[in-house]
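One file, upload33.txt, is given below (compact mmCIF, C-alpha atoms).
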# COMPACT_ATOMS: atom_id res chain seq x y z
CA MET A 1 7.56 -5.60 20.43
CA GLU A 2 6.54 -8.14 17.80
CA PHE A 3 9.11 -9.73 15.50
CA ASN A 4 8.32 -10.99 12.02
CA ILE A 5 10.23 -12.53 9.11
CA LEU A 6 9.98 -11.74 5.39
CA ASN A 7 11.41 -14.55 3.29
CA GLN A 8 11.77 -13.96 -0.45
CA SER A 9 12.44 -17.68 -1.08
CA PRO A 10 15.95 -17.32 -2.52
CA ILE A 11 17.60 -20.07 -4.53
CA LEU A 12 20.95 -20.46 -2.80
CA ASP A 13 24.14 -21.32 -4.66
CA GLY A 14 24.43 -25.06 -5.14
CA HIS A 15 20.79 -25.70 -4.16
CA SER A 16 17.89 -26.79 -6.33
CA VAL A 17 14.50 -25.08 -6.49
CA VAL A 18 12.97 -27.92 -4.47
CA GLU A 19 15.65 -27.61 -1.79
CA SER A 20 15.22 -23.84 -1.66
CA LEU A 21 11.46 -24.13 -1.17
CA GLY A 22 12.23 -26.61 1.59
CA HIS A 23 14.37 -23.93 3.26
CA THR A 24 11.38 -21.56 3.12
CA VAL A 25 9.29 -24.13 5.00
CA GLU A 26 12.04 -24.92 7.51
CA LEU A 27 12.54 -21.24 8.37
CA ALA A 28 8.80 -20.80 8.91
CA GLN A 29 8.76 -23.76 11.27
CA LEU A 30 11.76 -22.40 13.17
CA ALA A 31 10.14 -18.97 13.45
CA ASP A 32 6.98 -20.64 14.74
CA THR A 33 8.97 -22.50 17.39
CA LEU A 34 10.85 -19.34 18.46
CA GLY A 35 7.67 -17.32 18.93
CA TYR A 36 7.80 -14.94 15.98
CA LYS A 37 4.44 -13.29 15.28
CA ARG A 38 4.36 -13.32 11.47
CA TYR A 39 6.08 -14.94 8.51
CA PHE A 40 5.67 -13.19 5.15
CA VAL A 41 6.50 -14.52 1.69
CA SER A 42 6.96 -12.35 -1.38
CA GLU A 43 5.96 -12.30 -5.05
CA HIS A 44 8.65 -12.15 -7.72
CA HIS A 45 8.62 -13.12 -11.39
CA ASN A 46 11.30 -14.13 -13.88
CA MET A 47 14.06 -13.78 -11.27
CA GLU A 48 16.94 -16.22 -11.58
CA ASN A 49 17.56 -16.51 -7.83
CA LEU A 50 14.08 -16.07 -6.30
CA ILE A 51 11.42 -18.76 -6.58
CA GLY A 52 8.42 -17.22 -4.78
CA THR A 53 6.15 -16.50 -7.75
CA ALA A 54 2.79 -17.22 -6.08
CA PRO A 55 2.41 -16.07 -2.45
CA GLU A 56 -1.13 -17.43 -2.23
CA VAL A 57 0.23 -20.93 -2.88
CA LEU A 58 3.10 -20.60 -0.42
CA VAL A 59 0.86 -19.12 2.28
CA ALA A 60 -1.57 -22.04 2.03
CA HIS A 61 1.31 -24.52 2.08
CA LEU A 62 3.04 -22.90 5.06
CA ILE A 63 -0.18 -22.72 7.04
CA ASN A 64 -0.27 -26.52 6.91
CA HIS A 65 3.33 -26.83 8.11
CA THR A 66 3.13 -24.48 11.10
CA LYS A 67 0.94 -24.26 14.20
CA ASN A 68 0.70 -20.80 15.71
CA ILE A 69 2.53 -18.19 13.65
CA ASN A 70 0.64 -15.88 11.29
CA ILE A 71 1.47 -16.57 7.65
CA GLY A 72 1.04 -13.87 5.05
CA ALA A 73 1.85 -12.36 1.69
CA GLY A 74 4.44 -9.64 1.85
CA GLY A 75 3.08 -9.09 -0.62
CA VAL A 76 0.73 -9.64 -3.50
CA MET A 77 1.68 -7.33 -6.39
CA LEU A 78 -1.82 -6.07 -7.08
CA SER A 79 -1.04 -4.57 -10.49
CA HIS A 80 -0.91 -8.14 -11.83
CA HIS A 81 -4.10 -9.41 -10.23
CA ASN A 82 -7.84 -9.01 -10.05
CA PRO A 83 -8.71 -7.50 -6.63
CA PHE A 84 -11.87 -9.61 -6.27
CA HIS A 85 -10.00 -12.85 -6.88
CA VAL A 86 -7.19 -11.91 -4.48
CA ALA A 87 -9.83 -11.22 -1.81
CA GLU A 88 -11.43 -14.61 -2.55
CA GLN A 89 -8.12 -16.45 -2.29
CA PHE A 90 -7.07 -15.02 1.04
CA GLN A 91 -10.56 -15.25 2.53
CA LEU A 92 -10.53 -18.95 1.64
CA ILE A 93 -7.10 -19.44 3.22
CA SER A 94 -8.37 -17.61 6.31
CA HIS A 95 -11.17 -20.16 6.58
CA LEU A 96 -8.53 -22.90 6.60
CA ALA A 97 -6.54 -21.14 9.34
CA PRO A 98 -8.75 -18.64 11.19
CA ASN A 99 -6.96 -15.56 12.56
CA ARG A 100 -3.56 -16.64 11.17
CA VAL A 101 -3.60 -15.13 7.66
CA ASP A 102 -2.14 -11.74 6.67
CA LEU A 103 -2.64 -10.13 3.27
CA GLY A 104 0.07 -7.62 2.38
CA VAL A 105 -0.31 -5.76 -0.91
CA GLY A 106 2.29 -3.82 -2.90
CA LYS A 107 2.46 -1.86 -6.14
CA ALA A 108 5.95 -2.81 -7.40
CA PRO A 109 6.18 -5.05 -10.50
CA GLY A 110 8.20 -7.66 -8.63
CA GLY A 111 9.94 -8.79 -11.78
CA THR A 112 11.38 -7.93 -15.16
CA PRO A 113 9.59 -5.93 -17.90
CA LEU A 114 9.08 -9.17 -19.83
CA SER A 115 7.32 -10.86 -16.91
CA THR A 116 5.18 -7.78 -16.27
CA ALA A 117 4.09 -7.74 -19.93
CA ALA A 118 3.26 -11.46 -19.75
CA LEU A 119 1.27 -11.07 -16.54
CA GLN A 120 -0.70 -8.06 -17.71
CA HIS A 121 -1.22 -8.73 -21.42
CA GLU A 122 -4.94 -9.49 -20.99
CA LEU A 123 -5.69 -6.50 -18.75
CA ARG A 124 -7.62 -3.61 -20.25
CA THR A 125 -5.61 -0.54 -21.25
CA ASN A 126 -7.55 1.81 -18.96
CA ILE A 127 -6.75 -0.19 -15.84
CA ASP A 128 -7.56 1.46 -12.51
CA SER A 129 -4.75 3.07 -10.53
CA PHE A 130 -3.09 1.06 -7.79
CA ASN A 131 -4.85 3.11 -5.09
CA ASP A 132 -8.25 2.42 -6.65
CA ARG A 133 -7.47 -1.28 -6.99
CA PHE A 134 -6.33 -1.42 -3.36
CA LEU A 135 -9.54 0.26 -2.20
CA SER A 136 -11.56 -2.24 -4.25
CA LEU A 137 -9.69 -5.11 -2.61
CA LYS A 138 -10.30 -3.61 0.83
CA SER A 139 -14.00 -3.20 0.14
CA TYR A 140 -14.27 -6.86 -0.96
CA VAL A 141 -12.47 -8.10 2.16
CA GLU A 142 -14.61 -5.91 4.42
CA GLY A 143 -17.85 -6.50 2.49
CA THR A 144 -18.47 -2.79 1.94
CA HIS A 145 -18.38 -2.87 -1.87
CA GLU A 146 -21.30 -2.09 -4.15
CA ASN A 147 -23.67 -5.06 -4.51
CA ASN A 148 -22.26 -6.58 -1.31
CA ARG A 149 -25.57 -8.35 -0.66
CA THR A 150 -25.37 -10.33 -3.88
CA LEU A 151 -21.63 -10.35 -4.70
CA LYS A 152 -19.59 -12.11 -2.01
CA ILE A 153 -16.03 -13.42 -1.77
CA SER A 154 -17.28 -16.18 0.54
CA ALA A 155 -20.49 -17.51 2.07
CA ASP A 156 -18.95 -16.51 5.43
CA THR A 157 -16.85 -13.36 5.83
CA GLU A 158 -17.57 -12.78 9.51
CA SER A 159 -15.96 -15.65 11.41
CA SER A 160 -12.44 -14.93 10.12
CA LYS A 161 -10.85 -12.43 7.75
CA PRO A 162 -7.27 -11.91 6.59
CA ASP A 163 -5.56 -8.91 8.17
CA LEU A 164 -4.82 -6.35 5.46
CA PHE A 165 -1.46 -4.55 5.12
CA LEU A 166 -0.26 -2.02 2.57
CA LEU A 167 3.43 -2.21 1.58
CA GLY A 168 5.18 1.03 0.76
CA GLY A 169 8.39 3.02 0.85
CA SER A 170 7.24 6.63 1.15
CA SER A 171 5.35 9.06 3.34
CA SER A 172 2.59 9.31 0.74
CA SER A 173 2.01 5.54 0.89
CA ALA A 174 1.94 5.70 4.68
CA GLN A 175 -0.57 8.55 4.56
CA PHE A 176 -2.78 6.62 2.13
CA ALA A 177 -2.72 3.57 4.43
CA ALA A 178 -3.50 5.68 7.49
CA GLU A 179 -6.38 7.54 5.81
CA ASN A 180 -7.95 4.21 4.86
CA LYS A 181 -7.26 2.63 8.25
CA VAL A 182 -5.14 -0.31 7.12
CA ASN A 183 -1.89 -1.63 8.56
CA PHE A 184 1.35 -0.49 6.93
CA ILE A 185 4.68 -2.19 6.20
CA PHE A 186 7.51 0.21 5.42
CA ALA A 187 10.17 -1.21 3.08
CA HIS A 188 13.12 0.21 5.00
CA PHE A 189 15.45 -2.41 3.45
CA ILE A 190 15.16 -0.76 0.02
CA LYS A 191 16.86 2.50 0.97
CA ASN A 192 18.08 1.88 4.55
CA ASP A 193 17.36 5.55 5.30
CA GLU A 194 16.83 6.02 9.04
CA THR A 195 15.58 9.60 8.63
CA LEU A 196 12.96 8.46 6.13
CA LEU A 197 11.88 5.66 8.49
CA LYS A 198 11.25 8.16 11.29
CA GLU A 199 9.39 10.48 8.93
CA VAL A 200 7.16 7.74 7.52
CA SER A 201 6.33 6.27 10.93
CA ALA A 202 5.43 9.73 12.26
CA VAL A 203 3.12 10.41 9.31
CA TYR A 204 1.36 7.09 9.74
CA LYS A 205 0.96 7.20 13.52
CA LYS A 206 -0.26 10.80 13.48
CA SER A 207 -3.19 9.93 11.22
CA TYR A 208 -3.86 6.38 12.42
CA PRO A 209 -2.41 5.77 15.90
CA ASP A 210 -4.29 2.48 16.28
CA GLY A 211 -2.83 1.01 13.08
CA LYS A 212 -0.05 -1.55 13.02
CA PHE A 213 3.22 -0.16 11.61
CA ILE A 214 5.93 -2.67 10.63
CA ALA A 215 9.44 -1.72 9.52
CA ALA A 216 11.00 -4.28 7.16
CA LEU A 217 14.75 -4.32 7.80
CA SER A 218 17.69 -6.06 6.12
CA VAL A 219 19.18 -8.56 8.56
CA LEU A 220 22.29 -10.70 8.15
CA ALA A 221 23.02 -13.46 10.66
CA ALA A 222 26.38 -15.22 10.85
CA GLU A 223 28.26 -17.36 13.34
CA THR A 224 31.53 -15.43 13.17
CA GLU A 225 32.82 -12.01 12.13
CA GLU A 226 34.64 -13.60 9.19
CA GLU A 227 31.46 -15.25 7.94
CA LYS A 228 29.64 -11.96 8.35
CA LYS A 229 32.15 -10.10 6.18
CA ALA A 230 32.12 -12.81 3.52
CA ALA A 231 28.31 -12.86 3.41
CA ALA A 232 28.15 -9.07 3.17
CA GLU A 233 30.49 -9.11 0.17
CA GLU A 234 28.38 -11.79 -1.51
CA ASN A 235 25.11 -9.99 -0.84
CA GLN A 236 25.51 -7.01 -3.12
CA VAL A 237 22.30 -5.51 -4.45
CA TYR A 238 21.35 -3.20 -7.29
CA SER A 239 18.62 -0.59 -6.76
CA LEU A 240 16.73 0.32 -9.93
CA LYS A 241 15.01 3.69 -9.69
CA PHE A 242 12.26 4.49 -12.20
CA LYS A 243 10.88 7.85 -13.33
CA ASP A 244 7.65 7.43 -11.36
CA GLY A 245 9.61 7.04 -8.12
CA LYS A 246 9.28 3.26 -7.85
CA THR A 247 12.36 1.35 -6.74
CA LEU A 248 13.17 -2.31 -7.34
CA ARG A 249 16.10 -4.26 -5.93
CA VAL A 250 17.78 -7.06 -7.85
CA THR A 251 20.82 -9.07 -6.93
CA THR A 252 22.71 -9.71 -10.16
CA GLU A 253 24.16 -7.65 -13.00
CA ASN A 254 22.31 -9.88 -15.47
CA GLN A 255 18.99 -8.80 -13.98
CA VAL A 256 19.99 -5.14 -14.28
CA ASN A 257 20.90 -5.64 -17.94
CA ASP A 258 17.61 -7.47 -18.60
CA TYR A 259 15.66 -4.49 -17.27
CA ILE A 260 17.61 -1.99 -19.32
CA ARG A 261 17.40 -4.10 -22.46
CA ASN A 262 13.63 -4.67 -22.25
CA THR A 263 12.39 -1.17 -21.50
CA GLU A 264 12.68 2.23 -23.11
CA GLU A 265 12.30 3.94 -19.73
CA LYS A 266 15.36 5.59 -18.21
CA ILE A 267 16.49 3.70 -15.10
CA GLU A 268 18.99 4.85 -12.49
CA VAL A 269 21.11 2.03 -11.08
CA GLU A 270 22.83 2.10 -7.71
CA LYS A 271 24.94 -0.73 -6.28
CA SER A 272 25.06 -1.29 -2.52
CA SER A 273 25.05 -3.99 0.14
CA TRP A 274 21.98 -5.66 1.64
CA ILE A 275 23.09 -4.50 5.08
Can the structure in the file be given as structure tokens, please?
Amino acid sequence: MEFNILNQSPILDGHSVVESLGHTVELAQLADTLGYKRYFVSEHHNMENLIGTAPEVLVAHLINHTKNINIGAGGVMLSHHNPFHVAEQFQLISHLAPNRVDLGVGKAPGGTPLSTAALQHELRTNIDSFNDRFLSLKSYVEGTHENNRTLKISADTESSKPDLFLLGGSSSSAQFAAENKVNFIFAHFIKNDETLLKEVSAVYKKSYPDGKFIAALSVLAAETEEEKKAAAEENQVYSLKFKDGKTLRVTTENQVNDYIRNTEEKIEVEKSSWI
């Protein structure tokens, strides 16, 4: 069994942004030393306690500070980005570190309504659906897109390519990944529903048994039982559920209020623990 780490680059209490980014690097180096297979970084915007706004930057930086471990985005929030440019970025990073780069892609906004509006204000109103954008990205990475003889993400796309992963939290997302023969990362930590995990993994493996299925779990490590209890109490999380079925987790009441204040959409809020 392979073990991986997803680090959302949190800003810990009493630590600066620079120190917190240093922790992201230190954990990657430790994971590399311990033999973990992959180290993913996330994309969040306008979050008061998460600093990872640009996974492509962090991935490139971490590649230069590790030796063997795969470094990847877990993931790029494709609704904010041009699929061709994302393919270019991660192909270029793959040239710098052949066979060590993973490109995970998700559909969540990864931030507040204000940040989403700022990120997307220049996009056309009839923007393609997430599924269509993902398929465009896949075709660019694989070189199967229209005009592939004259439109290229790199002069060399054969010697090394980023491994592509779809991030999702439902059976439909798993089915979409399986039908298009891409790896899948199930966001188990969002709902912590063991029954759903079994259902999603079965759907994926039935349609694409050769694909790589990764379950992203919430993990809390502590030296003592007392520290564990204290950390669990501090790590409360709010799940925001939107009408379209999307779910976002934030860690403070201020973030919840920001969402509610800056959108007319009805949002269900549920408070729970990370673990």
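Residues in contact range of segment 205-218 of chain A, defined as at most 6 Å between only C-alpha atoms, with sequence neighbours fewer than 4 positions away removed, read Ala178, Asn183, Phe184, Ile185, Phe186, Ala187, His188, Phe189 and Ile275 of chain A.
Between atom CA of Ser154 of chain A and atom CA of Phe90 of chain A there is a distance of 10.3 Å.
Coordinates place atom CA of Leu12 of chain A at a distance of 23.4 Å from atom CA of Ile63 of chain A.
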Could you write out as JSON the box around segment 144-159 of chain A (axis-aligned, all atoms listed in the file, 8 Å on each side), with centre and edge lengths in Å to one decimal?
{"center_x": -20.8, "center_y": -9.8, "center_z": 3.4, "size_x": 25.6, "size_y": 31.4, "size_z": 32.1}
When distances are computed from all atoms listed in the file, which of A:Asp13, A:Asp132, A:Glu226, A:Glu194 shows the smallest separation from Glu48 of chain A? A:Asp13
Mind checking which residues fall within 9 Å of His45 of chain A, counting only C-alpha atoms, ignoring those fewer than 4 positions away in the same chain, and posting them as number ranges by chain? A: 50-54, 109-112, 115-116
Could you jot down the atom CA of Ser159 of chain A to atom CA of Gln89 of chain A separation for me, Å, one decimal place? 15.8 Å
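Here the question is which of A:Val200, A:Ala60, A:Leu21, A:Val256 gets nearest to Lys271 of chain A using all atoms listed in the file, and that residue is A:Val256.
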Could you name the residues that touch Glu142 of chain A at 12 Å or less, counting all atoms listed in the file, but leaving out those on the same chain fewer than 6 positions away, as a PyMOL selection string? chain A and resi 84+87-88+91+135-136+148+152-154+156-158+160-164+181-182
Need to verify the contact set: Lys107 of chain A, 7 Å, only C-alpha atoms, exclusion of same-chain residues closer than 4 positions in sequence. Can you return it as number ranges by chain? A: 77-79, 130
Those residues with C-alpha atoms, as a CSV table (one decimal), in the frame of the given file please?
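What landed in result_29.csv:
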chain,number,residue,atom,x,y,z
A,77,MET,CA,1.7,-7.3,-6.4
A,78,LEU,CA,-1.8,-6.1,-7.1
A,79,SER,CA,-1.0,-4.6,-10.5
A,130,PHE,CA,-3.1,1.1,-7.8
